[in-house]
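> One file is attached below, entry_37.cif, containing mmCIF, C-alpha atoms and all ligand atoms.
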```cif
data_upload
loop_
_atom_site.group_PDB
_atom_site.id
_atom_site.type_symbol
_atom_site.label_atom_id
_atom_site.label_comp_id
_atom_site.auth_asym_id
_atom_site.auth_seq_id
_atom_site.Cartn_x
_atom_site.Cartn_y
_atom_site.Cartn_z
ATOM 1 C CA MET A 2 -41.564 115.886 -142.940
ATOM 2 C CA LYS A 3 -41.930 116.011 -139.139
ATOM 3 C CA ARG A 4 -39.239 117.638 -137.026
ATOM 4 C CA ASP A 5 -38.150 116.739 -133.489
ATOM 5 C CA LEU A 6 -36.149 118.465 -130.731
ATOM 6 C CA ILE A 7 -33.721 115.851 -129.455
ATOM 7 C CA SER A 8 -30.231 117.323 -129.087
ATOM 8 C CA LEU A 9 -28.411 120.620 -129.394
ATOM 9 C CA ASN A 10 -26.065 118.815 -131.757
ATOM 10 C CA ASP A 11 -28.876 118.728 -134.306
ATOM 11 C CA LEU A 12 -29.452 122.500 -134.263
ATOM 12 C CA SER A 13 -27.581 125.098 -136.276
ATOM 13 C CA LEU A 14 -26.848 128.512 -134.795
ATOM 14 C CA GLU A 15 -29.423 129.907 -137.225
ATOM 15 C CA THR A 16 -32.099 127.533 -135.890
ATOM 16 C CA ILE A 17 -31.273 128.476 -132.298
ATOM 17 C CA GLN A 18 -31.484 132.180 -133.199
ATOM 18 C CA GLY A 19 -34.846 131.417 -134.802
ATOM 19 C CA TYR A 20 -36.133 129.973 -131.515
ATOM 20 C CA LEU A 21 -34.915 133.047 -129.618
ATOM 21 C CA ALA A 22 -36.689 135.337 -132.088
ATOM 22 C CA LEU A 23 -39.888 133.281 -131.966
ATOM 23 C CA ALA A 24 -39.897 133.314 -128.155
ATOM 24 C CA THR A 25 -39.540 137.111 -128.206
ATOM 25 C CA GLN A 26 -42.507 137.311 -130.560
ATOM 26 C CA VAL A 27 -44.592 134.940 -128.387
ATOM 27 C CA GLU A 28 -43.830 136.972 -125.270
ATOM 28 C CA SER A 29 -45.102 140.174 -126.881
ATOM 29 C CA MET A 30 -48.390 138.680 -128.157
ATOM 30 C CA PRO A 31 -51.719 139.488 -126.482
ATOM 31 C CA ASP A 32 -53.108 136.493 -124.548
ATOM 32 C CA ALA A 33 -56.315 136.255 -126.559
ATOM 33 C CA GLU A 34 -54.405 136.067 -129.854
ATOM 34 C CA ARG A 35 -52.036 133.413 -128.516
ATOM 35 C CA ARG A 36 -54.825 131.200 -127.214
ATOM 36 C CA ARG A 37 -56.112 130.569 -130.735
ATOM 37 C CA LEU A 38 -52.836 129.261 -132.154
ATOM 38 C CA LEU A 39 -52.985 125.601 -131.084
ATOM 39 C CA ALA A 40 -56.729 125.212 -130.499
ATOM 40 C CA GLY A 41 -57.691 121.583 -131.123
ATOM 41 C CA LYS A 42 -54.106 120.267 -130.807
ATOM 42 C CA ILE A 43 -53.074 117.739 -128.153
ATOM 43 C CA LEU A 44 -49.721 117.428 -126.388
ATOM 44 C CA ALA A 45 -48.760 114.089 -124.805
ATOM 45 C CA VAL A 46 -46.394 114.283 -121.813
ATOM 46 C CA LEU A 47 -44.621 111.011 -120.994
ATOM 47 C CA PHE A 48 -42.463 111.373 -117.890
ATOM 48 C CA TYR A 49 -40.545 108.283 -116.801
ATOM 49 C CA GLU A 50 -38.555 110.444 -114.343
ATOM 50 C CA PRO A 51 -39.660 113.068 -111.790
ATOM 51 C CA SER A 52 -40.130 116.653 -112.925
ATOM 52 C CA THR A 53 -41.787 119.842 -111.760
ATOM 53 C CA ARG A 54 -40.702 122.586 -114.151
ATOM 54 C CA THR A 55 -40.312 120.806 -117.449
ATOM 55 C CA ARG A 56 -43.605 118.940 -117.365
ATOM 56 C CA LEU A 57 -45.702 121.715 -115.864
ATOM 57 C CA SER A 58 -44.222 124.418 -118.090
ATOM 58 C CA PHE A 59 -44.879 122.354 -121.230
ATOM 59 C CA GLU A 60 -48.442 121.863 -120.004
ATOM 60 C CA SER A 61 -48.794 125.558 -119.200
ATOM 61 C CA ALA A 62 -47.355 126.449 -122.617
ATOM 62 C CA MET A 63 -49.849 124.184 -124.373
ATOM 63 C CA PHE A 64 -52.812 125.572 -122.405
ATOM 64 C CA ARG A 65 -51.680 129.155 -123.068
ATOM 65 C CA LEU A 66 -51.726 128.371 -126.790
ATOM 66 C CA GLY A 67 -55.271 126.981 -126.551
ATOM 67 C CA GLY A 68 -54.308 123.300 -126.807
ATOM 68 C CA ASN A 69 -54.914 120.315 -124.567
ATOM 69 C CA VAL A 70 -52.664 117.899 -122.690
ATOM 70 C CA LEU A 71 -52.716 114.213 -121.752
ATOM 71 C CA GLY A 72 -50.062 111.918 -120.336
ATOM 72 C CA PHE A 73 -48.409 110.580 -117.219
ATOM 73 C CA SER A 74 -45.932 111.834 -114.653
ATOM 74 C CA GLU A 75 -44.879 108.402 -113.400
ATOM 75 C CA THR A 76 -45.181 104.948 -114.925
ATOM 76 C CA GLY A 77 -46.674 103.024 -111.971
ATOM 77 C CA SER A 78 -50.234 103.596 -113.146
ATOM 78 C CA THR A 79 -49.510 102.819 -116.819
ATOM 79 C CA SER A 80 -48.957 99.626 -118.791
ATOM 80 C CA VAL A 81 -45.214 100.252 -118.557
ATOM 81 C CA ALA A 82 -45.624 98.630 -115.122
ATOM 82 C CA LYS A 83 -46.915 95.509 -116.920
ATOM 83 C CA GLY A 84 -43.817 95.404 -119.107
ATOM 84 C CA GLU A 85 -44.920 97.340 -122.199
ATOM 85 C CA SER A 86 -41.963 98.411 -124.323
ATOM 86 C CA LEU A 87 -41.077 102.031 -124.982
ATOM 87 C CA ALA A 88 -41.700 101.588 -128.726
ATOM 88 C CA ASP A 89 -45.208 100.196 -128.133
ATOM 89 C CA THR A 90 -46.022 102.989 -125.691
ATOM 90 C CA ILE A 91 -44.908 105.596 -128.225
ATOM 91 C CA ARG A 92 -46.848 103.934 -131.077
ATOM 92 C CA THR A 93 -49.934 103.962 -128.872
ATOM 93 C CA VAL A 94 -49.627 107.564 -127.737
ATOM 94 C CA GLU A 95 -49.094 108.858 -131.267
ATOM 95 C CA GLN A 96 -52.684 107.767 -131.980
ATOM 96 C CA TYR A 97 -53.887 110.147 -129.253
ATOM 97 C CA ALA A 98 -51.771 113.276 -129.688
ATOM 98 C CA ASP A 99 -50.244 115.682 -132.223
ATOM 99 C CA ILE A 100 -46.903 116.143 -130.445
ATOM 100 C CA LEU A 101 -45.096 114.306 -127.685
ATOM 101 C CA VAL A 102 -42.658 115.292 -124.942
ATOM 102 C CA ILE A 103 -40.698 112.563 -123.172
ATOM 103 C CA ARG A 104 -38.341 112.408 -120.178
ATOM 104 C CA HIS A 105 -36.510 109.155 -119.492
ATOM 105 C CA PRO A 106 -33.523 108.103 -117.343
ATOM 106 C CA LYS A 107 -31.790 106.355 -120.261
ATOM 107 C CA GLU A 108 -29.614 108.271 -122.719
ATOM 108 C CA GLY A 109 -30.852 108.010 -126.315
ATOM 109 C CA THR A 110 -34.482 107.300 -125.430
ATOM 110 C CA ALA A 111 -35.870 110.453 -127.004
ATOM 111 C CA ARG A 112 -34.130 109.744 -130.312
ATOM 112 C CA LEU A 113 -35.405 106.177 -130.249
ATOM 113 C CA SER A 114 -38.913 107.468 -129.582
ATOM 114 C CA ALA A 115 -38.686 109.923 -132.465
ATOM 115 C CA ALA A 116 -37.704 107.106 -134.798
ATOM 116 C CA SER A 117 -40.699 105.040 -133.619
ATOM 117 C CA CYS A 118 -43.456 107.514 -134.441
ATOM 118 C CA SER A 119 -44.766 110.000 -136.970
ATOM 119 C CA ILE A 120 -45.460 112.955 -134.645
ATOM 120 C CA PRO A 121 -42.844 115.471 -133.428
ATOM 121 C CA VAL A 122 -40.944 114.372 -130.321
ATOM 122 C CA ILE A 123 -39.358 116.715 -127.767
ATOM 123 C CA ASN A 124 -36.598 115.463 -125.495
ATOM 124 C CA ALA A 125 -37.391 116.638 -121.948
ATOM 125 C CA GLY A 126 -34.179 115.080 -120.622
ATOM 126 C CA ASP A 127 -32.593 111.699 -121.390
ATOM 127 C CA GLY A 128 -30.335 110.534 -118.588
ATOM 128 C CA THR A 129 -27.110 112.534 -118.403
ATOM 129 C CA ASN A 130 -27.227 113.366 -122.104
ATOM 130 C CA GLN A 131 -29.352 116.319 -123.242
ATOM 131 C CA HIS A 132 -32.118 118.701 -122.161
ATOM 132 C CA PRO A 133 -32.583 120.891 -125.219
ATOM 133 C CA SER A 134 -35.719 122.826 -124.240
ATOM 134 C CA GLN A 135 -33.957 123.816 -120.993
ATOM 135 C CA THR A 136 -31.006 125.028 -123.058
ATOM 136 C CA LEU A 137 -33.174 127.170 -125.299
ATOM 137 C CA LEU A 138 -34.836 128.787 -122.281
ATOM 138 C CA ASP A 139 -31.416 129.284 -120.671
ATOM 139 C CA LEU A 140 -30.147 131.039 -123.803
ATOM 140 C CA TYR A 141 -33.278 133.176 -123.898
ATOM 141 C CA THR A 142 -32.690 134.122 -120.259
ATOM 142 C CA ILE A 143 -29.005 134.913 -120.803
ATOM 143 C CA ARG A 144 -29.788 137.147 -123.780
ATOM 144 C CA LYS A 145 -32.500 138.962 -121.817
ATOM 145 C CA LEU A 146 -30.133 139.530 -118.888
ATOM 146 C CA PHE A 147 -27.071 140.660 -120.828
ATOM 147 C CA GLY A 148 -28.392 141.611 -124.283
ATOM 148 C CA LYS A 149 -25.816 139.259 -125.795
ATOM 149 C CA ILE A 150 -24.368 135.756 -125.507
ATOM 150 C CA SER A 151 -20.928 135.921 -127.140
ATOM 151 C CA GLY A 152 -18.357 137.875 -125.149
ATOM 152 C CA LEU A 153 -19.534 136.668 -121.740
ATOM 153 C CA ARG A 154 -17.531 134.966 -119.037
ATOM 154 C CA ILE A 155 -19.604 132.048 -117.755
ATOM 155 C CA ALA A 156 -18.939 129.590 -114.920
ATOM 156 C CA PHE A 157 -20.595 126.187 -114.775
ATOM 157 C CA ALA A 158 -20.470 124.989 -111.180
ATOM 158 C CA GLY A 159 -21.285 121.767 -109.333
ATOM 159 C CA ASP A 160 -22.030 118.494 -111.078
ATOM 160 C CA LEU A 161 -20.487 118.923 -114.515
ATOM 161 C CA LYS A 162 -20.167 115.196 -115.107
ATOM 162 C CA TYR A 163 -23.801 114.149 -114.966
ATOM 163 C CA SER A 164 -25.710 117.394 -115.585
ATOM 164 C CA ARG A 165 -27.551 117.196 -118.910
ATOM 165 C CA THR A 166 -28.526 120.863 -118.635
ATOM 166 C CA VAL A 167 -24.829 121.776 -118.511
ATOM 167 C CA HIS A 168 -23.960 119.442 -121.382
ATOM 168 C CA SER A 169 -26.668 120.834 -123.679
ATOM 169 C CA LEU A 170 -25.982 124.459 -122.792
ATOM 170 C CA LEU A 171 -22.238 124.138 -123.267
ATOM 171 C CA GLN A 172 -22.737 122.725 -126.762
ATOM 172 C CA ALA A 173 -25.128 125.556 -127.614
ATOM 173 C CA LEU A 174 -22.793 128.261 -126.284
ATOM 174 C CA GLY A 175 -19.989 126.738 -128.344
ATOM 175 C CA LYS A 176 -22.033 127.492 -131.459
ATOM 176 C CA PHE A 177 -22.213 131.189 -130.476
ATOM 177 C CA GLY A 178 -18.449 131.293 -129.843
ATOM 178 C CA ASP A 179 -16.291 133.774 -127.925
ATOM 179 C CA VAL A 180 -17.352 132.638 -124.447
ATOM 180 C CA ARG A 181 -14.812 132.250 -121.634
ATOM 181 C CA PHE A 182 -15.764 129.325 -119.416
ATOM 182 C CA GLU A 183 -14.825 128.420 -115.869
ATOM 183 C CA PHE A 184 -15.613 124.776 -115.094
ATOM 184 C CA VAL A 185 -15.949 124.673 -111.286
ATOM 185 C CA SER A 186 -16.347 121.182 -109.854
ATOM 186 C CA PRO A 187 -14.869 118.576 -107.537
ATOM 187 C CA GLU A 188 -12.282 116.412 -109.303
ATOM 188 C CA SER A 189 -14.712 113.480 -109.563
ATOM 189 C CA LEU A 190 -17.401 115.578 -111.309
ATOM 190 C CA ARG A 191 -15.337 117.245 -114.036
ATOM 191 C CA MET A 192 -16.776 118.164 -117.426
ATOM 192 C CA PRO A 193 -16.595 115.090 -119.707
ATOM 193 C CA SER A 194 -13.683 115.189 -122.152
ATOM 194 C CA TYR A 195 -15.886 114.897 -125.258
ATOM 195 C CA LEU A 196 -17.553 118.188 -124.281
ATOM 196 C CA ARG A 197 -14.256 119.933 -123.534
ATOM 197 C CA ASP A 198 -12.883 118.678 -126.842
ATOM 198 C CA GLY A 199 -16.021 119.901 -128.597
ATOM 199 C CA LEU A 200 -15.007 123.500 -127.821
ATOM 200 C CA LYS A 201 -11.978 123.257 -130.105
ATOM 201 C CA GLY A 202 -12.314 125.642 -133.028
ATOM 202 C CA THR A 203 -15.314 127.495 -131.525
ATOM 203 C CA GLY A 204 -13.400 130.538 -130.309
ATOM 204 C CA CYS A 205 -14.373 129.657 -126.725
ATOM 205 C CA THR A 206 -11.836 129.000 -123.976
ATOM 206 C CA TYR A 207 -12.114 127.161 -120.680
ATOM 207 C CA ARG A 208 -10.326 126.755 -117.361
ATOM 208 C CA GLU A 209 -10.980 123.967 -114.866
ATOM 209 C CA THR A 210 -10.941 124.860 -111.179
ATOM 210 C CA VAL A 211 -12.311 123.898 -107.771
ATOM 211 C CA ASP A 212 -12.501 127.547 -106.677
ATOM 212 C CA LEU A 213 -16.081 128.837 -106.719
ATOM 213 C CA ALA A 214 -15.202 132.081 -104.898
ATOM 214 C CA ALA A 215 -12.812 133.128 -107.683
ATOM 215 C CA ALA A 216 -15.459 132.426 -110.317
ATOM 216 C CA VAL A 217 -17.970 134.545 -108.388
ATOM 217 C CA ALA A 218 -15.498 137.436 -108.346
ATOM 218 C CA GLU A 219 -14.584 137.208 -112.037
ATOM 219 C CA CYS A 220 -17.553 135.978 -114.071
ATOM 220 C CA ASP A 221 -20.673 137.571 -115.559
ATOM 221 C CA LEU A 222 -22.786 134.486 -114.961
ATOM 222 C CA ILE A 223 -22.683 131.464 -112.659
ATOM 223 C CA TYR A 224 -24.725 128.488 -113.888
ATOM 224 C CA MET A 225 -25.110 126.539 -110.657
ATOM 225 C CA THR A 226 -26.174 122.898 -110.596
ATOM 226 C CA ARG A 227 -27.328 120.358 -108.045
ATOM 227 C CA ILE A 228 -25.113 117.404 -107.197
ATOM 228 C CA GLN A 229 -27.493 114.736 -108.530
ATOM 229 C CA LYS A 230 -27.660 111.859 -106.077
ATOM 230 C CA GLU A 231 -29.772 109.779 -108.463
ATOM 231 C CA ARG A 232 -26.988 109.686 -111.104
ATOM 232 C CA PHE A 233 -24.246 108.236 -108.887
ATOM 233 C CA PRO A 234 -23.609 104.496 -109.263
ATOM 234 C CA ASP A 235 -22.107 104.504 -105.740
ATOM 235 C CA VAL A 236 -23.837 106.494 -102.971
ATOM 236 C CA LEU A 237 -20.555 106.751 -101.046
ATOM 237 C CA GLU A 238 -19.107 108.771 -103.938
ATOM 238 C CA TYR A 239 -22.122 111.070 -103.690
ATOM 239 C CA GLU A 240 -21.603 111.511 -99.940
ATOM 240 C CA LYS A 241 -18.034 112.710 -100.562
ATOM 241 C CA VAL A 242 -19.099 115.612 -102.823
ATOM 242 C CA LYS A 243 -22.692 116.426 -101.909
ATOM 243 C CA ASP A 244 -21.794 119.581 -99.976
ATOM 244 C CA ALA A 245 -18.941 120.659 -102.237
ATOM 245 C CA TYR A 246 -20.395 124.078 -103.061
ATOM 246 C CA CYS A 247 -22.855 126.549 -101.650
ATOM 247 C CA ILE A 248 -23.410 130.089 -102.865
ATOM 248 C CA ASP A 249 -24.704 132.309 -100.088
ATOM 249 C CA ALA A 250 -25.069 136.040 -99.538
ATOM 250 C CA ARG A 251 -21.729 136.139 -97.719
ATOM 251 C CA LEU A 252 -19.876 134.656 -100.701
ATOM 252 C CA LEU A 253 -21.540 137.257 -102.934
ATOM 253 C CA LYS A 254 -20.384 140.234 -100.843
ATOM 254 C CA GLY A 255 -17.488 141.063 -103.162
ATOM 255 C CA ALA A 256 -19.220 140.041 -106.380
ATOM 256 C CA PRO A 257 -19.582 142.521 -109.257
ATOM 257 C CA SER A 258 -23.082 144.014 -109.326
ATOM 258 C CA HIS A 259 -23.725 142.674 -112.822
ATOM 259 C CA LEU A 260 -23.105 139.042 -111.790
ATOM 260 C CA ARG A 261 -26.187 136.877 -112.323
ATOM 261 C CA ILE A 262 -26.838 133.355 -111.059
ATOM 262 C CA LEU A 263 -28.867 130.812 -113.006
ATOM 263 C CA HIS A 264 -29.854 127.305 -111.937
ATOM 264 C CA PRO A 265 -32.041 124.827 -113.841
ATOM 265 C CA LEU A 266 -33.575 123.870 -110.468
ATOM 266 C CA PRO A 267 -34.480 122.021 -108.320
ATOM 267 C CA ARG A 268 -31.852 123.185 -105.853
ATOM 268 C CA VAL A 269 -30.998 121.335 -102.670
ATOM 269 C CA ASN A 270 -28.312 123.173 -100.701
ATOM 270 C CA GLU A 271 -26.072 124.705 -103.385
ATOM 271 C CA ILE A 272 -27.775 128.114 -103.372
ATOM 272 C CA SER A 273 -28.765 129.468 -99.984
ATOM 273 C CA PRO A 274 -32.236 131.050 -99.782
ATOM 274 C CA ASP A 275 -30.542 134.271 -98.629
ATOM 275 C CA VAL A 276 -29.339 134.724 -102.219
ATOM 276 C CA ASP A 277 -32.930 134.903 -103.510
ATOM 277 C CA SER A 278 -33.410 138.538 -102.501
ATOM 278 C CA THR A 279 -30.096 139.741 -103.986
ATOM 279 C CA VAL A 280 -29.748 141.375 -107.406
ATOM 280 C CA HIS A 281 -27.735 138.346 -108.485
ATOM 281 C CA ALA A 282 -30.562 135.787 -108.338
ATOM 282 C CA ALA A 283 -32.100 135.171 -111.763
ATOM 283 C CA TYR A 284 -33.284 131.567 -111.418
ATOM 284 C CA PHE A 285 -36.978 132.247 -110.861
ATOM 285 C CA PRO A 286 -37.310 134.585 -113.870
ATOM 286 C CA GLN A 287 -35.424 131.777 -115.688
ATOM 287 C CA VAL A 288 -38.281 129.412 -114.745
ATOM 288 C CA GLY A 289 -40.810 131.882 -116.178
ATOM 289 C CA ASN A 290 -38.917 132.049 -119.445
ATOM 290 C CA GLY A 291 -39.459 128.291 -119.729
ATOM 291 C CA VAL A 292 -43.152 128.773 -120.453
ATOM 292 C CA ILE A 293 -42.376 131.329 -123.160
ATOM 293 C CA MET A 294 -39.676 129.269 -124.858
ATOM 294 C CA ARG A 295 -41.756 126.080 -124.690
ATOM 295 C CA GLN A 296 -44.606 127.877 -126.469
ATOM 296 C CA ALA A 297 -42.129 128.784 -129.212
ATOM 297 C CA ILE A 298 -40.964 125.159 -129.440
ATOM 298 C CA LEU A 299 -44.523 123.784 -129.685
ATOM 299 C CA LEU A 300 -45.459 126.312 -132.374
ATOM 300 C CA ASP A 301 -42.322 125.635 -134.387
ATOM 301 C CA LEU A 302 -42.563 121.839 -134.316
ATOM 302 C CA LEU A 303 -46.269 121.922 -135.150
ATOM 303 C CA GLY A 304 -45.568 124.293 -138.046
ATOM 304 C CA VAL A 305 -47.832 127.074 -136.740
ATOM 305 C CA LYS A 306 -46.727 130.652 -137.379
ATOM 306 C CA PRO A 307 -47.942 133.290 -134.899
HETATM 307 N N1 LIG A 401 -34.995 122.117 -114.926
HETATM 308 C C1 LIG A 401 -35.653 120.940 -114.833
HETATM 309 O O1 LIG A 401 -35.504 120.033 -115.679
HETATM 310 O O2 LIG A 401 -36.489 120.855 -113.748
HETATM 311 P P1 LIG A 401 -37.476 119.648 -113.448
HETATM 312 O O3 LIG A 401 -36.625 118.431 -113.175
HETATM 313 O O4 LIG A 401 -38.295 120.087 -112.276
HETATM 314 O O5 LIG A 401 -38.302 119.424 -114.693
#
```
Mind turning this structure into structure tokens?

Amino acid sequence: MKRDLISLNDLSLETIQGYLALATQVESMPDAERRRLLAGKILAVLFYEPSTRTRLSFESAMFRLGGNVLGFSETGSTSVAKGESLADTIRTVEQYADILVIRHPKEGTARLSAASCSIPVINAGDGTNQHPSQTLLDLYTIRKLFGKISGLRIAFAGDLKYSRTVHSLLQALGKFGDVRFEFVSPESLRMPSYLRDGLKGTGCTYRETVDLAAAVAECDLIYMTRIQKERFPDVLEYEKVKDAYCIDARLLKGAPSHLRILHPLPRVNEISPDVDSTVHAAYFPQVGNGVIMRQAILLDLLGVKP
């Protein structure tokens, strides 16, 4: 039976640990050995929303495993522009590829796609809902940085209402347990209640605050996010909060040396470029881990053991 990667809710802790172990194995393999693993396989990338990292890192991952890629990065040049339904597009593309990755602005689209076809489907972000491959690479990065996941004190900062990377990662961290969270956001962008409630019984705790400076002083990790203009129904609401937070070198002056900053990227103005050269910046190595983790995901879903 085919398997998909749609939501962190579908994954057990054991499965997540399996992905972390597989990514470690992939990272240690010689290039030449890796390039044979998916020779002859085709990945379809269907992006109904803009992307740099997710699409290009899936493509890079597929090429590094010896496979090929086809797809689109916007729908204007496809038959979607003529009114073709999502289900028909998926049924068409499954004739051309062995595995499919889809990004779409509507929540639930990836699951719908998975139900419409016989090849594995990977959710590359569905609206404000989930971004599971980002979460797996985030977990891989956190474990590399700290050697552990449980026992950390982690702040999520910025747009906690609409950020699918935050939503997915919070659910995953809840499965590990024993994480102390700081939810740092403007009042209008608070963590949704269903996600806060989901932490009950996990052994994790959380505190909601507007104070980024305190989180910088106290936490092991800040997971910074962009205030996402494209998610706001009312642009005036966006204008009120768009400059709510900015981490810069000055703010980091009193930070503990072990503090690390992650960001799913792209950033706009919430992390100053003067942070990039500090010991705290870990967001570009985080990007690199995306290629490793996405190789692990492709291998797993295609049932290929390295
Ligand atoms: N992290 C992430 O999803 O980046 P892109 O939007 O560039 O794919």
> Around ligand LIG 401 (chain A), at most 7 Å away and counting all atoms listed in the file, which residues are there? Put them as a PDB file with C-alpha atoms, keeping the file's coordinate frame, please.

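And here's result_14.pdb as it stands now:
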```pdb
ATOM      1  CA  PRO A  51     -39.660 113.068-111.790  1.00  0.00           C
ATOM      2  CA  SER A  52     -40.130 116.653-112.925  1.00  0.00           C
ATOM      3  CA  THR A  53     -41.787 119.842-111.760  1.00  0.00           C
ATOM      4  CA  ARG A  54     -40.702 122.586-114.151  1.00  0.00           C
ATOM      5  CA  THR A  55     -40.312 120.806-117.449  1.00  0.00           C
ATOM      6  CA  ARG A  56     -43.605 118.940-117.365  1.00  0.00           C
ATOM      7  CA  GLN A 135     -33.957 123.816-120.993  1.00  0.00           C
ATOM      8  CA  PRO A 265     -32.041 124.827-113.841  1.00  0.00           C
ATOM      9  CA  LEU A 266     -33.575 123.870-110.468  1.00  0.00           C
ATOM     10  CA  PRO A 267     -34.480 122.021-108.320  1.00  0.00           C
TER      11      PRO A 267
END
```
> Taking 3 positions as the minimum chain separation for residues in the same chain, which residues sit within 12 Å of Ala88 of chain A when counting all atoms listed in the file? Answer as a list in words.
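Once the nearby chain positions are removed, what remains is Val81, Gly84, Glu85, Ile91, Arg92, Thr93, Val94, Glu95, Thr110, Ala111, Arg112, Leu113, Ser114, Ala115, Ala116, Ser117 and Cys118 of chain A.
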> Any chance you could resolve the PyMOL selection byres (((chain A and resi 276) around 12) and not hetatm) against this file and give the residues as a list in words?
Cys247, Ile248, Asp249, Ala250, Arg251, Leu252, Leu253, Lys254, Arg261, Ile262, Leu263, Asn270, Glu271, Ile272, Ser273, Pro274, Asp275, Asp277, Ser278, Thr279, Val280, His281, Ala282, Ala283, Tyr284 and Phe285 of chain A
> Can you list what the PyMOL selection byres (((chain A and resi 297) around 10) and not hetatm) grabs from this structure, as a list of chain:residue names?
A:Gly19, A:Tyr20, A:Leu21, A:Ala22, A:Leu23, A:Ala24, A:Thr25, A:Gln26, A:Val27, A:Glu28, A:Ala62, A:Leu66, A:Leu137, A:Gly291, A:Val292, A:Ile293, A:Met294, A:Arg295, A:Gln296, A:Ile298, A:Leu299, A:Leu300, A:Asp301, A:Leu302, A:Leu303, A:Val305, A:Lys306, A:Pro307
> For the residues in that selection, give me C-alpha atoms as a PDB file, in the frame of the given file.

```pdb
ATOM      1  CA  GLY A  19     -34.846 131.417-134.802  1.00  0.00           C
ATOM      2  CA  TYR A  20     -36.133 129.973-131.515  1.00  0.00           C
ATOM      3  CA  LEU A  21     -34.915 133.047-129.618  1.00  0.00           C
ATOM      4  CA  ALA A  22     -36.689 135.337-132.088  1.00  0.00           C
ATOM      5  CA  LEU A  23     -39.888 133.281-131.966  1.00  0.00           C
ATOM      6  CA  ALA A  24     -39.897 133.314-128.155  1.00  0.00           C
ATOM      7  CA  THR A  25     -39.540 137.111-128.206  1.00  0.00           C
ATOM      8  CA  GLN A  26     -42.507 137.311-130.560  1.00  0.00           C
ATOM      9  CA  VAL A  27     -44.592 134.940-128.387  1.00  0.00           C
ATOM     10  CA  GLU A  28     -43.830 136.972-125.270  1.00  0.00           C
ATOM     11  CA  ALA A  62     -47.355 126.449-122.617  1.00  0.00           C
ATOM     12  CA  LEU A  66     -51.726 128.371-126.790  1.00  0.00           C
ATOM     13  CA  LEU A 137     -33.174 127.170-125.299  1.00  0.00           C
ATOM     14  CA  GLY A 291     -39.459 128.291-119.729  1.00  0.00           C
ATOM     15  CA  VAL A 292     -43.152 128.773-120.453  1.00  0.00           C
ATOM     16  CA  ILE A 293     -42.376 131.329-123.160  1.00  0.00           C
ATOM     17  CA  MET A 294     -39.676 129.269-124.858  1.00  0.00           C
ATOM     18  CA  ARG A 295     -41.756 126.080-124.690  1.00  0.00           C
ATOM     19  CA  GLN A 296     -44.606 127.877-126.469  1.00  0.00           C
ATOM     20  CA  ILE A 298     -40.964 125.159-129.440  1.00  0.00           C
ATOM     21  CA  LEU A 299     -44.523 123.784-129.685  1.00  0.00           C
ATOM     22  CA  LEU A 300     -45.459 126.312-132.374  1.00  0.00           C
ATOM     23  CA  ASP A 301     -42.322 125.635-134.387  1.00  0.00           C
ATOM     24  CA  LEU A 302     -42.563 121.839-134.316  1.00  0.00           C
ATOM     25  CA  LEU A 303     -46.269 121.922-135.150  1.00  0.00           C
ATOM     26  CA  VAL A 305     -47.832 127.074-136.740  1.00  0.00           C
ATOM     27  CA  LYS A 306     -46.727 130.652-137.379  1.00  0.00           C
ATOM     28  CA  PRO A 307     -47.942 133.290-134.899  1.00  0.00           C
TER      29      PRO A 307
END
```
> Between A:Val185, A:Cys205, A:Leu200, A:Ile143, which one has atoms that come closest to Leu222 of chain A, using only C-alpha atoms?
A:Ile143
> Given the choices A:Leu12, A:Leu196, A:Ala158, A:Leu146, which gets closest to Val211 of chain A if the distance is worked out from only C-alpha atoms?
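So, comparing all the options, the nearest one is A:Ala158.
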> Give me the residues near Ala215 of chain A as a count of residues only, where near means some atom within 10 Å (using only C-alpha atoms) and where sequence neighbours in that chain fewer than 3 positions away do not count.
9
> If I take atom CA of Gly202 of chain A and atom CA of Asp179 of chain A, how far is one from the other in Å, to one decimal?
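Between atom CA of Gly202 of chain A and atom CA of Asp179 of chain A the gap is 10.4 Å.
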> Name every residue that the PyMOL selection byres (((chain A and resi 34-36) around 8) and not hetatm) selects in this structure, writing the answer as a PyMOL selection string with chains first and numbers rising.
chain A and resi 27+30-33+37-40+64-68+307
> Between atom CA of Leu47 of chain A and atom CA of Glu75 of chain A, what distance in Å does the model show, to one decimal?
8.0 Å
> Hey, what's within 9 Å of Glu60 of chain A if we count all atoms listed in the file and toss same-chain stuff fewer than 6 positions away? As a list in words, please?
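Neighbouring residues, sequence-local ones excluded: Leu44, Val46, Asn69, Val70, Leu71 and Val292 of chain A.
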> Could you write out the selected residues, including C-alpha atoms, as a compact mmCIF listing (two decimals), in the coordinates of the input?

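Saved to out35.txt:
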```txt
# COMPACT_ATOMS: atom_id res chain seq x y z
CA LEU A 44 -49.72 117.43 -126.39
CA VAL A 46 -46.39 114.28 -121.81
CA ASN A 69 -54.91 120.32 -124.57
CA VAL A 70 -52.66 117.90 -122.69
CA LEU A 71 -52.72 114.21 -121.75
CA VAL A 292 -43.15 128.77 -120.45
```
> Using atom CA of Tyr224 of chain A and atom CA of Leu237 of chain A as the two end points, give the distance in Å to one decimal.
25.6 Å
> Which residues come within 9 Å of segment 165-176 of chain A, counting only C-alpha atoms, excluding same-chain residues fewer than 4 positions away, as an MDAnalysis selection string?
chainID A and resid 8:10 12:14 17 126:133 135:137 139:140 150:151 157 160:161 180 192:193 196 199:201 203:205 224 226 265
> (-37.9, 115.9, -129.0) in this file's frame - what residues fall within 7 Å of it? Use all atoms listed in the file and give the answer as a compact mmCIF listing (two decimals) with C-alpha atoms, in the coordinates of the input.

```
# COMPACT_ATOMS: atom_id res chain seq x y z
CA ASP A 5 -38.15 116.74 -133.49
CA LEU A 6 -36.15 118.46 -130.73
CA ILE A 7 -33.72 115.85 -129.46
CA VAL A 102 -42.66 115.29 -124.94
CA ALA A 111 -35.87 110.45 -127.00
CA ALA A 115 -38.69 109.92 -132.46
CA PRO A 121 -42.84 115.47 -133.43
CA VAL A 122 -40.94 114.37 -130.32
CA ILE A 123 -39.36 116.72 -127.77
CA ASN A 124 -36.60 115.46 -125.50
```
